[in-house]
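Peer 1: Hey, dropping coords.cif in here, mmCIF, C-alpha atoms:
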data_coords
loop_
_atom_site.group_PDB
_atom_site.id
_atom_site.type_symbol
_atom_site.label_atom_id
_atom_site.label_comp_id
_atom_site.auth_asym_id
_atom_site.auth_seq_id
_atom_site.Cartn_x
_atom_site.Cartn_y
_atom_site.Cartn_z
ATOM 1 C CA GLY A 1 -20.404 17.920 8.962
ATOM 2 C CA PHE A 2 -19.354 14.301 9.501
ATOM 3 C CA LEU A 3 -16.509 14.499 6.996
ATOM 4 C CA PRO A 4 -13.756 16.049 9.166
ATOM 5 C CA ALA A 5 -14.310 13.376 11.824
ATOM 6 C CA LYS A 6 -14.067 10.702 9.138
ATOM 7 C CA LEU A 7 -10.858 12.211 7.806
ATOM 8 C CA ILE A 8 -9.302 12.364 11.278
ATOM 9 C CA ASN A 9 -10.304 8.746 11.827
ATOM 10 C CA GLY A 10 -8.809 7.695 8.500
ATOM 11 C CA GLY A 11 -5.615 9.566 9.285
ATOM 12 C CA ILE A 12 -5.176 8.107 12.764
ATOM 13 C CA ALA A 13 -5.969 4.632 11.475
ATOM 14 C CA GLY A 14 -3.396 5.056 8.724
ATOM 15 C CA LEU A 15 -0.680 6.234 11.104
ATOM 16 C CA ILE A 16 -1.235 3.426 13.620
ATOM 17 C CA GLY A 17 -1.534 0.872 10.856
ATOM 18 C CA VAL A 18 1.618 1.897 9.001
ATOM 19 C CA THR A 19 3.640 1.922 12.202
ATOM 20 C CA CYS A 20 2.505 -1.605 13.031
ATOM 21 C CA VAL A 21 3.042 -3.212 9.673
ATOM 22 C CA PHE A 22 5.775 -1.224 7.945
ATOM 23 C CA PRO A 23 8.515 -3.846 8.428
ATOM 24 C CA ILE A 24 6.304 -6.454 6.738
ATOM 25 C CA ASP A 25 5.698 -4.024 3.888
ATOM 26 C CA LEU A 26 9.446 -3.538 3.526
ATOM 27 C CA ALA A 27 9.873 -7.315 3.292
ATOM 28 C CA LYS A 28 7.111 -7.394 0.667
ATOM 29 C CA THR A 29 8.904 -4.846 -1.545
ATOM 30 C CA ARG A 30 12.215 -6.655 -1.264
ATOM 31 C CA LEU A 31 10.753 -10.096 -1.900
ATOM 32 C CA GLN A 32 8.811 -8.834 -4.917
ATOM 33 C CA ASN A 33 11.908 -7.190 -6.337
ATOM 34 C CA GLN A 34 14.106 -10.254 -6.162
ATOM 35 C CA GLN A 35 14.670 -12.051 -9.406
ATOM 36 C CA ASN A 36 15.889 -15.598 -9.696
ATOM 37 C CA GLY A 37 19.591 -14.952 -10.153
ATOM 38 C CA SER A 38 19.889 -12.672 -7.159
ATOM 39 C CA ARG A 39 17.821 -14.222 -4.403
ATOM 40 C CA LEU A 40 19.041 -12.757 -1.180
ATOM 41 C CA TYR A 41 16.020 -13.547 0.984
ATOM 42 C CA THR A 42 14.201 -16.863 1.214
ATOM 43 C CA SER A 43 11.118 -15.683 3.085
ATOM 44 C CA MET A 44 9.560 -12.823 4.983
ATOM 45 C CA SER A 45 11.170 -13.742 8.305
ATOM 46 C CA ASP A 46 14.524 -14.320 6.625
ATOM 47 C CA CYS A 47 14.277 -10.874 5.030
ATOM 48 C CA LEU A 48 13.446 -9.162 8.337
ATOM 49 C CA ILE A 49 16.236 -10.950 10.217
ATOM 50 C CA LYS A 50 18.805 -10.064 7.544
ATOM 51 C CA THR A 51 17.564 -6.476 7.453
ATOM 52 C CA ILE A 52 17.955 -6.098 11.220
ATOM 53 C CA ARG A 53 21.425 -7.643 11.008
ATOM 54 C CA SER A 54 22.702 -5.455 8.211
ATOM 55 C CA GLU A 55 20.715 -2.256 8.781
ATOM 56 C CA GLY A 56 19.601 -2.359 12.425
ATOM 57 C CA TYR A 57 16.047 -2.133 13.748
ATOM 58 C CA PHE A 58 15.430 1.229 12.129
ATOM 59 C CA GLY A 59 16.472 -0.299 8.823
ATOM 60 C CA MET A 60 13.058 -1.927 8.799
ATOM 61 C CA TYR A 61 11.481 1.527 8.807
ATOM 62 C CA ARG A 62 13.331 2.850 5.749
ATOM 63 C CA GLY A 63 10.816 4.889 3.795
ATOM 64 C CA ALA A 64 8.346 4.972 6.689
ATOM 65 C CA ALA A 65 8.482 8.756 6.957
ATOM 66 C CA VAL A 66 7.231 9.177 3.379
ATOM 67 C CA ASN A 67 4.526 6.676 4.075
ATOM 68 C CA LEU A 68 3.471 8.276 7.347
ATOM 69 C CA THR A 69 3.386 11.732 5.795
ATOM 70 C CA LEU A 70 1.277 10.679 2.841
ATOM 71 C CA VAL A 71 -0.825 7.851 4.227
ATOM 72 C CA THR A 72 -3.159 10.266 6.011
ATOM 73 C CA PRO A 73 -4.194 12.212 2.902
ATOM 74 C CA GLU A 74 -4.308 8.949 0.944
ATOM 75 C CA LYS A 75 -6.642 7.169 3.392
ATOM 76 C CA ALA A 76 -8.697 10.330 3.750
ATOM 77 C CA ILE A 77 -9.162 10.696 -0.013
ATOM 78 C CA LYS A 78 -10.058 7.044 -0.409
ATOM 79 C CA LEU A 79 -12.607 6.886 2.396
ATOM 80 C CA ALA A 80 -14.141 10.268 1.661
ATOM 81 C CA ALA A 81 -14.420 9.435 -2.044
ATOM 82 C CA ASN A 82 -16.046 6.083 -1.334
ATOM 83 C CA ASP A 83 -18.558 7.755 0.994
ATOM 84 C CA PHE A 84 -19.223 10.531 -1.478
ATOM 85 C CA PHE A 85 -19.888 8.116 -4.345
ATOM 86 C CA ARG A 86 -21.988 5.786 -2.188
ATOM 87 C CA HIS A 87 -24.049 8.724 -1.001
ATOM 88 C CA HIS A 88 -24.708 10.011 -4.506
ATOM 89 C CA LEU A 89 -25.346 6.589 -5.985
ATOM 90 C CA SER A 90 -27.927 5.714 -3.328
ATOM 91 C CA LYS A 91 -29.965 8.895 -3.814
ATOM 92 C CA ASP A 92 -32.468 7.241 -6.111
ATOM 93 C CA GLY A 93 -33.304 3.925 -4.501
ATOM 94 C CA LYS A 94 -31.241 1.007 -3.213
ATOM 95 C CA LEU A 95 -27.465 0.804 -3.287
ATOM 96 C CA THR A 96 -26.996 -2.279 -5.473
ATOM 97 C CA LEU A 97 -23.809 -4.356 -5.486
ATOM 98 C CA PHE A 98 -22.941 -2.846 -8.861
ATOM 99 C CA LYS A 99 -23.288 0.663 -7.428
ATOM 100 C CA GLU A 100 -21.185 -0.326 -4.432
ATOM 101 C CA MET A 101 -18.498 -1.508 -6.826
ATOM 102 C CA LEU A 102 -18.769 1.733 -8.792
ATOM 103 C CA ALA A 103 -18.235 3.733 -5.610
ATOM 104 C CA GLY A 104 -15.174 1.620 -4.828
ATOM 105 C CA CYS A 105 -13.894 2.208 -8.350
ATOM 106 C CA GLY A 106 -14.254 5.974 -7.878
ATOM 107 C CA ALA A 107 -12.449 5.809 -4.542
ATOM 108 C CA GLY A 108 -9.557 3.806 -6.000
ATOM 109 C CA THR A 109 -9.205 6.212 -8.909
ATOM 110 C CA CYS A 110 -9.086 9.312 -6.687
ATOM 111 C CA GLN A 111 -6.613 7.738 -4.330
ATOM 112 C CA VAL A 112 -3.811 7.093 -6.859
ATOM 113 C CA ILE A 113 -3.129 10.847 -7.004
ATOM 114 C CA VAL A 114 -1.379 10.439 -3.659
ATOM 115 C CA THR A 115 -0.559 6.737 -3.713
ATOM 116 C CA THR A 116 1.600 6.666 -6.844
ATOM 117 C CA PRO A 117 4.269 9.191 -5.777
ATOM 118 C CA MET A 118 4.149 7.884 -2.200
ATOM 119 C CA GLU A 119 4.851 4.312 -3.274
ATOM 120 C CA MET A 120 7.368 5.383 -5.879
ATOM 121 C CA LEU A 121 9.512 7.032 -3.180
ATOM 122 C CA LYS A 122 8.819 4.369 -0.572
ATOM 123 C CA ILE A 123 9.931 1.562 -2.882
ATOM 124 C CA GLN A 124 13.274 3.254 -3.682
ATOM 125 C CA LEU A 125 13.966 3.725 0.018
ATOM 126 C CA GLN A 126 12.852 0.227 0.977
ATOM 127 C CA ASP A 127 14.845 -1.423 -1.758
ATOM 128 C CA ALA A 128 18.077 0.531 -1.217
ATOM 129 C CA GLY A 129 19.049 -1.808 1.609
ATOM 130 C CA ARG A 130 18.467 -4.913 -0.497
ATOM 131 C CA LEU A 131 20.851 -3.616 -3.159
ATOM 132 C CA ALA A 132 23.426 -2.660 -0.530
ATOM 133 C CA ALA A 133 23.197 -6.095 1.077
ATOM 134 C CA GLN A 134 23.581 -7.732 -2.321
ATOM 135 C CA ARG A 135 26.808 -5.815 -2.858
ATOM 136 C CA LYS A 136 28.189 -7.224 0.369
ATOM 137 C CA LEU A 137 26.857 -10.780 0.282
ATOM 138 C CA MET A 138 26.567 -11.466 -3.450
ATOM 139 C CA PRO A 139 29.238 -9.346 -5.138
ATOM 140 C CA GLU A 140 28.793 -11.254 -8.409
ATOM 141 C CA THR A 141 25.372 -9.655 -8.965
ATOM 142 C CA VAL A 142 26.689 -6.111 -8.854
ATOM 143 C CA PRO A 143 27.540 -4.343 -12.137
ATOM 144 C CA VAL A 144 31.263 -3.732 -12.578
ATOM 145 C CA GLY A 145 32.304 -0.243 -11.562
ATOM 146 C CA THR A 146 29.313 0.388 -9.314
ATOM 147 C CA VAL A 147 30.215 2.916 -6.670
ATOM 148 C CA GLU A 148 28.937 2.314 -3.157
ATOM 149 C CA THR A 149 26.455 5.136 -2.580
ATOM 150 C CA LYS A 150 24.881 6.252 0.638
ATOM 151 C CA SER A 151 21.172 5.570 0.524
ATOM 152 C CA PRO A 152 19.230 8.717 -0.332
ATOM 153 C CA THR A 153 16.634 10.489 1.744
ATOM 154 C CA ALA A 154 13.078 10.973 0.507
ATOM 155 C CA MET A 155 13.680 14.660 -0.155
ATOM 156 C CA GLN A 156 16.816 13.969 -2.184
ATOM 157 C CA LEU A 157 14.935 11.358 -4.206
ATOM 158 C CA THR A 158 12.023 13.695 -4.837
ATOM 159 C CA ARG A 159 14.311 16.508 -5.959
ATOM 160 C CA GLU A 160 16.293 14.185 -8.201
ATOM 161 C CA LEU A 161 13.188 12.687 -9.800
ATOM 162 C CA LEU A 162 11.613 16.087 -10.370
ATOM 163 C CA ARG A 163 14.836 17.478 -11.816
ATOM 164 C CA GLU A 164 15.385 14.563 -14.193
ATOM 165 C CA LYS A 165 11.869 13.592 -15.197
ATOM 166 C CA GLY A 166 9.516 16.258 -13.873
ATOM 167 C CA ILE A 167 6.196 15.359 -12.270
ATOM 168 C CA ALA A 168 6.013 12.288 -14.537
ATOM 169 C CA GLY A 169 8.994 10.842 -12.666
ATOM 170 C CA LEU A 170 6.975 10.753 -9.481
ATOM 171 C CA TYR A 171 4.049 9.202 -11.319
ATOM 172 C CA LYS A 172 5.980 6.315 -12.810
ATOM 173 C CA GLY A 173 3.863 3.199 -12.484
ATOM 174 C CA LEU A 174 0.610 5.180 -12.420
ATOM 175 C CA GLY A 175 -1.051 2.663 -14.732
ATOM 176 C CA ALA A 176 0.004 -0.249 -12.559
ATOM 177 C CA THR A 177 -1.120 1.611 -9.430
ATOM 178 C CA LEU A 178 -4.549 2.178 -10.990
ATOM 179 C CA LEU A 179 -4.693 -1.470 -12.022
ATOM 180 C CA ARG A 180 -3.997 -2.394 -8.413
ATOM 181 C CA ASP A 181 -6.001 0.147 -6.436
ATOM 182 C CA VAL A 182 -9.163 0.250 -8.502
ATOM 183 C CA PRO A 183 -9.802 -3.531 -8.420
ATOM 184 C CA PHE A 184 -8.737 -3.509 -4.764
ATOM 185 C CA SER A 185 -11.385 -0.935 -3.869
ATOM 186 C CA ILE A 186 -13.994 -2.632 -6.059
ATOM 187 C CA ILE A 187 -13.443 -5.850 -4.087
ATOM 188 C CA TYR A 188 -12.807 -4.351 -0.650
ATOM 189 C CA PHE A 189 -15.605 -1.844 -0.077
ATOM 190 C CA PRO A 190 -18.594 -3.997 -1.143
ATOM 191 C CA LEU A 191 -17.118 -7.077 0.554
ATOM 192 C CA PHE A 192 -16.612 -5.148 3.779
ATOM 193 C CA ALA A 193 -20.107 -3.634 3.730
ATOM 194 C CA ASN A 194 -21.725 -7.015 3.127
ATOM 195 C CA LEU A 195 -19.654 -8.916 5.702
ATOM 196 C CA ASN A 196 -20.339 -6.163 8.194
ATOM 197 C CA ASN A 197 -24.070 -6.408 7.532
ATOM 198 C CA LEU A 198 -24.025 -10.093 8.451
ATOM 199 C CA GLY A 199 -22.955 -9.089 11.950
ATOM 200 C CA LYS A 200 -25.743 -6.623 12.603
ATOM 201 C CA ARG A 201 -28.235 -7.600 15.287
ATOM 202 C CA GLY A 202 -31.165 -5.560 13.998
ATOM 203 C CA SER A 203 -31.764 -3.897 10.660
ATOM 204 C CA ASP A 204 -30.874 -0.352 11.763
ATOM 205 C CA ASP A 205 -28.319 -1.432 14.337
ATOM 206 C CA THR A 206 -24.560 -0.976 13.877
ATOM 207 C CA ALA A 207 -22.510 -4.162 13.858
ATOM 208 C CA PRO A 208 -20.511 -4.861 17.031
ATOM 209 C CA PHE A 209 -16.952 -3.648 17.109
ATOM 210 C CA TYR A 210 -15.235 -7.036 16.626
ATOM 211 C CA VAL A 211 -17.430 -7.772 13.584
ATOM 212 C CA SER A 212 -16.177 -4.573 11.925
ATOM 213 C CA PHE A 213 -12.606 -5.521 12.790
ATOM 214 C CA ILE A 214 -12.907 -9.037 11.382
ATOM 215 C CA SER A 215 -14.787 -7.806 8.294
ATOM 216 C CA GLY A 216 -12.047 -5.241 7.666
ATOM 217 C CA CYS A 217 -9.338 -7.894 7.988
ATOM 218 C CA VAL A 218 -11.087 -10.476 5.806
ATOM 219 C CA ALA A 219 -12.123 -8.016 3.093
ATOM 220 C CA GLY A 220 -8.672 -6.410 3.152
ATOM 221 C CA SER A 221 -6.656 -9.599 2.862
ATOM 222 C CA THR A 222 -8.975 -11.053 0.198
ATOM 223 C CA ALA A 223 -8.653 -7.943 -1.943
ATOM 224 C CA ALA A 224 -4.893 -7.800 -1.308
ATOM 225 C CA VAL A 225 -4.195 -11.331 -2.471
ATOM 226 C CA ALA A 226 -6.513 -10.885 -5.468
ATOM 227 C CA VAL A 227 -4.543 -7.913 -6.770
ATOM 228 C CA ASN A 228 -1.075 -9.127 -5.732
ATOM 229 C CA PRO A 229 0.055 -9.968 -9.299
ATOM 230 C CA VAL A 230 -0.474 -6.310 -10.221
ATOM 231 C CA ASP A 231 1.351 -5.254 -7.069
ATOM 232 C CA VAL A 232 4.407 -7.271 -8.136
ATOM 233 C CA ILE A 233 4.335 -5.552 -11.532
ATOM 234 C CA LYS A 234 3.967 -2.152 -9.879
ATOM 235 C CA THR A 235 6.908 -2.760 -7.526
ATOM 236 C CA ARG A 236 9.129 -3.842 -10.418
ATOM 237 C CA LEU A 237 8.137 -0.913 -12.615
ATOM 238 C CA GLN A 238 8.656 1.621 -9.856
ATOM 239 C CA SER A 239 12.104 0.360 -8.828
ATOM 240 C CA LEU A 240 14.746 2.518 -10.445
ATOM 241 C CA ASN A 241 17.851 0.593 -9.434
ATOM 242 C CA ARG A 242 18.480 -2.947 -10.552
ATOM 243 C CA GLY A 243 21.276 -5.451 -10.037
ATOM 244 C CA SER A 244 23.287 -6.331 -13.159
ATOM 245 C CA THR A 245 21.614 -9.711 -13.540
ATOM 246 C CA GLU A 246 18.118 -8.317 -13.097
ATOM 247 C CA ASP A 247 15.612 -7.544 -15.844
ATOM 248 C CA THR A 248 14.429 -4.037 -16.559
ATOM 249 C CA TYR A 249 10.969 -3.394 -17.951
ATOM 250 C CA SER A 250 9.544 -0.888 -20.394
ATOM 251 C CA GLY A 251 5.940 -1.150 -19.229
ATOM 252 C CA VAL A 252 3.189 -3.349 -17.818
ATOM 253 C CA THR A 253 2.960 -5.822 -20.718
ATOM 254 C CA ASP A 254 6.738 -6.098 -21.082
ATOM 255 C CA CYS A 255 6.967 -6.750 -17.359
ATOM 256 C CA ILE A 256 4.308 -9.509 -17.455
ATOM 257 C CA ARG A 257 6.041 -11.139 -20.436
ATOM 258 C CA LYS A 258 9.495 -11.173 -18.837
ATOM 259 C CA ILE A 259 8.292 -12.375 -15.451
ATOM 260 C CA MET A 260 6.361 -15.225 -17.091
ATOM 261 C CA ARG A 261 9.341 -16.170 -19.232
ATOM 262 C CA ASN A 262 12.103 -15.883 -16.646
ATOM 263 C CA GLU A 263 10.430 -16.631 -13.352
ATOM 264 C CA GLY A 264 7.166 -18.401 -14.128
ATOM 265 C CA PRO A 265 3.626 -17.602 -12.956
ATOM 266 C CA SER A 266 4.377 -18.210 -9.266
ATOM 267 C CA ALA A 267 6.446 -14.991 -9.256
ATOM 268 C CA PHE A 268 3.175 -13.054 -9.382
ATOM 269 C CA LEU A 269 2.382 -14.305 -5.891
ATOM 270 C CA LYS A 270 5.669 -13.016 -4.463
ATOM 271 C CA GLY A 271 4.973 -11.062 -1.302
ATOM 272 C CA ALA A 272 1.262 -12.048 -1.331
ATOM 273 C CA TYR A 273 1.447 -13.438 2.174
ATOM 274 C CA CYS A 274 3.254 -10.295 3.358
ATOM 275 C CA ARG A 275 0.715 -8.102 1.640
ATOM 276 C CA ALA A 276 -2.226 -9.915 3.212
ATOM 277 C CA LEU A 277 -0.481 -9.537 6.584
ATOM 278 C CA VAL A 278 0.032 -5.822 5.953
ATOM 279 C CA ILE A 279 -3.418 -5.026 4.639
ATOM 280 C CA ALA A 280 -5.557 -7.041 7.059
ATOM 281 C CA PRO A 281 -4.515 -5.133 10.204
ATOM 282 C CA LEU A 282 -4.429 -1.823 8.304
ATOM 283 C CA PHE A 283 -8.087 -2.127 7.437
ATOM 284 C CA GLY A 284 -9.048 -3.874 10.664
ATOM 285 C CA ILE A 285 -7.466 -1.014 12.645
ATOM 286 C CA ALA A 286 -9.180 1.556 10.422
ATOM 287 C CA GLN A 287 -12.563 0.013 11.140
ATOM 288 C CA VAL A 288 -11.860 0.004 14.884
ATOM 289 C CA VAL A 289 -10.842 3.671 14.901
ATOM 290 C CA TYR A 290 -14.090 4.518 13.070
ATOM 291 C CA PHE A 291 -16.091 2.391 15.401
ATOM 292 C CA LEU A 292 -14.656 4.066 18.481
ATOM 293 C CA GLY A 293 -15.289 7.468 16.901
ATOM 294 C CA VAL A 294 -11.853 8.871 17.739
ATOM 295 C CA GLY A 295 -12.296 11.745 15.262
ATOM 296 C CA GLU A 296 -15.652 12.735 16.736
ATOM 297 C CA PHE A 297 -14.061 12.654 20.200
ATOM 298 C CA ILE A 298 -11.231 14.993 19.109
ATOM 299 C CA LEU A 299 -13.654 17.356 17.355
ATOM 300 C CA SER A 300 -15.816 17.570 20.468
ATOM 301 C CA PHE A 301 -13.044 19.626 22.108
ATOM 302 C CA LEU A 302 -13.010 22.232 19.364
ATOM 303 C CA PRO A 303 -15.131 25.369 19.823
ATOM 304 C CA LYS A 304 -18.481 24.989 18.098
ATOM 305 C CA LYS A 305 -19.461 27.417 15.355
ATOM 306 C CA ASP A 306 -22.910 28.985 15.661
ATOM 307 C CA ASN A 307 -24.861 28.274 12.514
#
Would you mind writing the file out in structure tokens?

Peer 2:
Amino acid sequence: GFLPAKLINGGIAGLIGVTCVFPIDLAKTRLQNQQNGSRLYTSMSDCLIKTIRSEGYFGMYRGAAVNLTLVTPEKAIKLAANDFFRHHLSKDGKLTLFKEMLAGCGAGTCQVIVTTPMEMLKIQLQDAGRLAAQRKLMPETVPVGTVETKSPTAMQLTRELLREKGIAGLYKGLGATLLRDVPFSIIYFPLFANLNNLGKRGSDDTAPFYVSFISGCVAGSTAAVAVNPVDVIKTRLQSLNRGSTEDTYSGVTDCIRKIMRNEGPSAFLKGAYCRALVIAPLFGIAQVVYFLGVGEFILSFLPKKDN
């Protein structure tokens, strides 16, 4: 019966987390999408300042609605799957590090069902402003005859993608998302569990609240930076619109080849700092919400069923 509480916790954590860090995530997408010829933003702060100037404060939350709608099921799937796999893998004997990593792998695989379409839509919405700003500030990068279009809503994008490419359109970049989320979960979950264990006072005791928070932040940012190169590839593959001077990619290997050739290896760390800043609080907050048992508290108000 503990699952609904867990899911509520995951959902609340996701909502608070996304609200806090969405602007940084927007900067991450835009920085990762920039190619050498069309560099509009020099850094994260520069990107946020320019975004506020050209699109207002709410400009920083472009695509947040998609994220907020889907982050709850995504977090819920991920956490529930990890728990489910850990539970089943520890049935016969000790949960070894390898088994912990297997559980994380299972969680990452389940999660992409929601993550891929969510990020696909989010990236279009987040990047629309970058392309609009480029038209204004760097007209030379815009293809001749490009018509100024109003930036689309998530629903319009979804309809368009489904009409043109079917479900596959929403799942563009699925491979890259798997390559990002599976290693992420393999690193994050075992690292968190082991860091958290260091903070326990006794063997059966739970770790104090700040230990969980710090473990969540450290494990999250470590995993985030480790998989950042794949995140860059994923962002590029999932972006439908490109400036005239920007490369387009046919797939993961093509993308790696062109980035290496045209931008050098350092391009794979684009947005890494932003991503660490996004992920650390997301996971830290999630651990806090669990620790405080918000879901259990909410469920305690619901009428009990007699078993």

Peer 1: Which polymer residues have any atom within 8 Å of an atom of segment 162-172 of chain A, counting all atoms listed in the file, with same-chain residues fewer than 3 positions away left out, as a list in words?

Peer 2: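 The filter keeps Thr116, Pro117, Met120, Leu121, Thr158, Arg159, Leu237 and Gln238 of chain A.
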
Peer 1: Give me the result of the PyMOL selection byres ((chain A and resi 296) around 10) on this file, residue by residue, as an MDAnalysis selection string.

Peer 2: chainID A and resid 2:6 8:9 290 292:295 297:301

Peer 1: Counting only C-alpha atoms, which residue out of A:Gly199, A:Gly63, A:Pro208, A:Pro183 sits closest to Thr153 of chain A?

Peer 2: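 Under the stated criterion, the closest residue is A:Gly63.
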
Peer 1: I want to know what sits within 8 Å of Gly17 of chain A, based on all atoms listed in the file, with residues of the same chain fewer than 2 positions away left out; could you give that as a list in words?

Peer 2: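 Contacts, in chain order: Ala13, Gly14, Leu15, Thr19, Cys20, Val21, Pro281, Leu282, Phe283, Ile285 and Ala286 of chain A.
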
Peer 1: What does the distance from atom CA of Leu68 of chain A to atom CA of Val230 of chain A come to in Å, to one decimal?

Peer 2: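 Going from atom CA of Leu68 of chain A over to atom CA of Val230 of chain A covers 23.2 Å.
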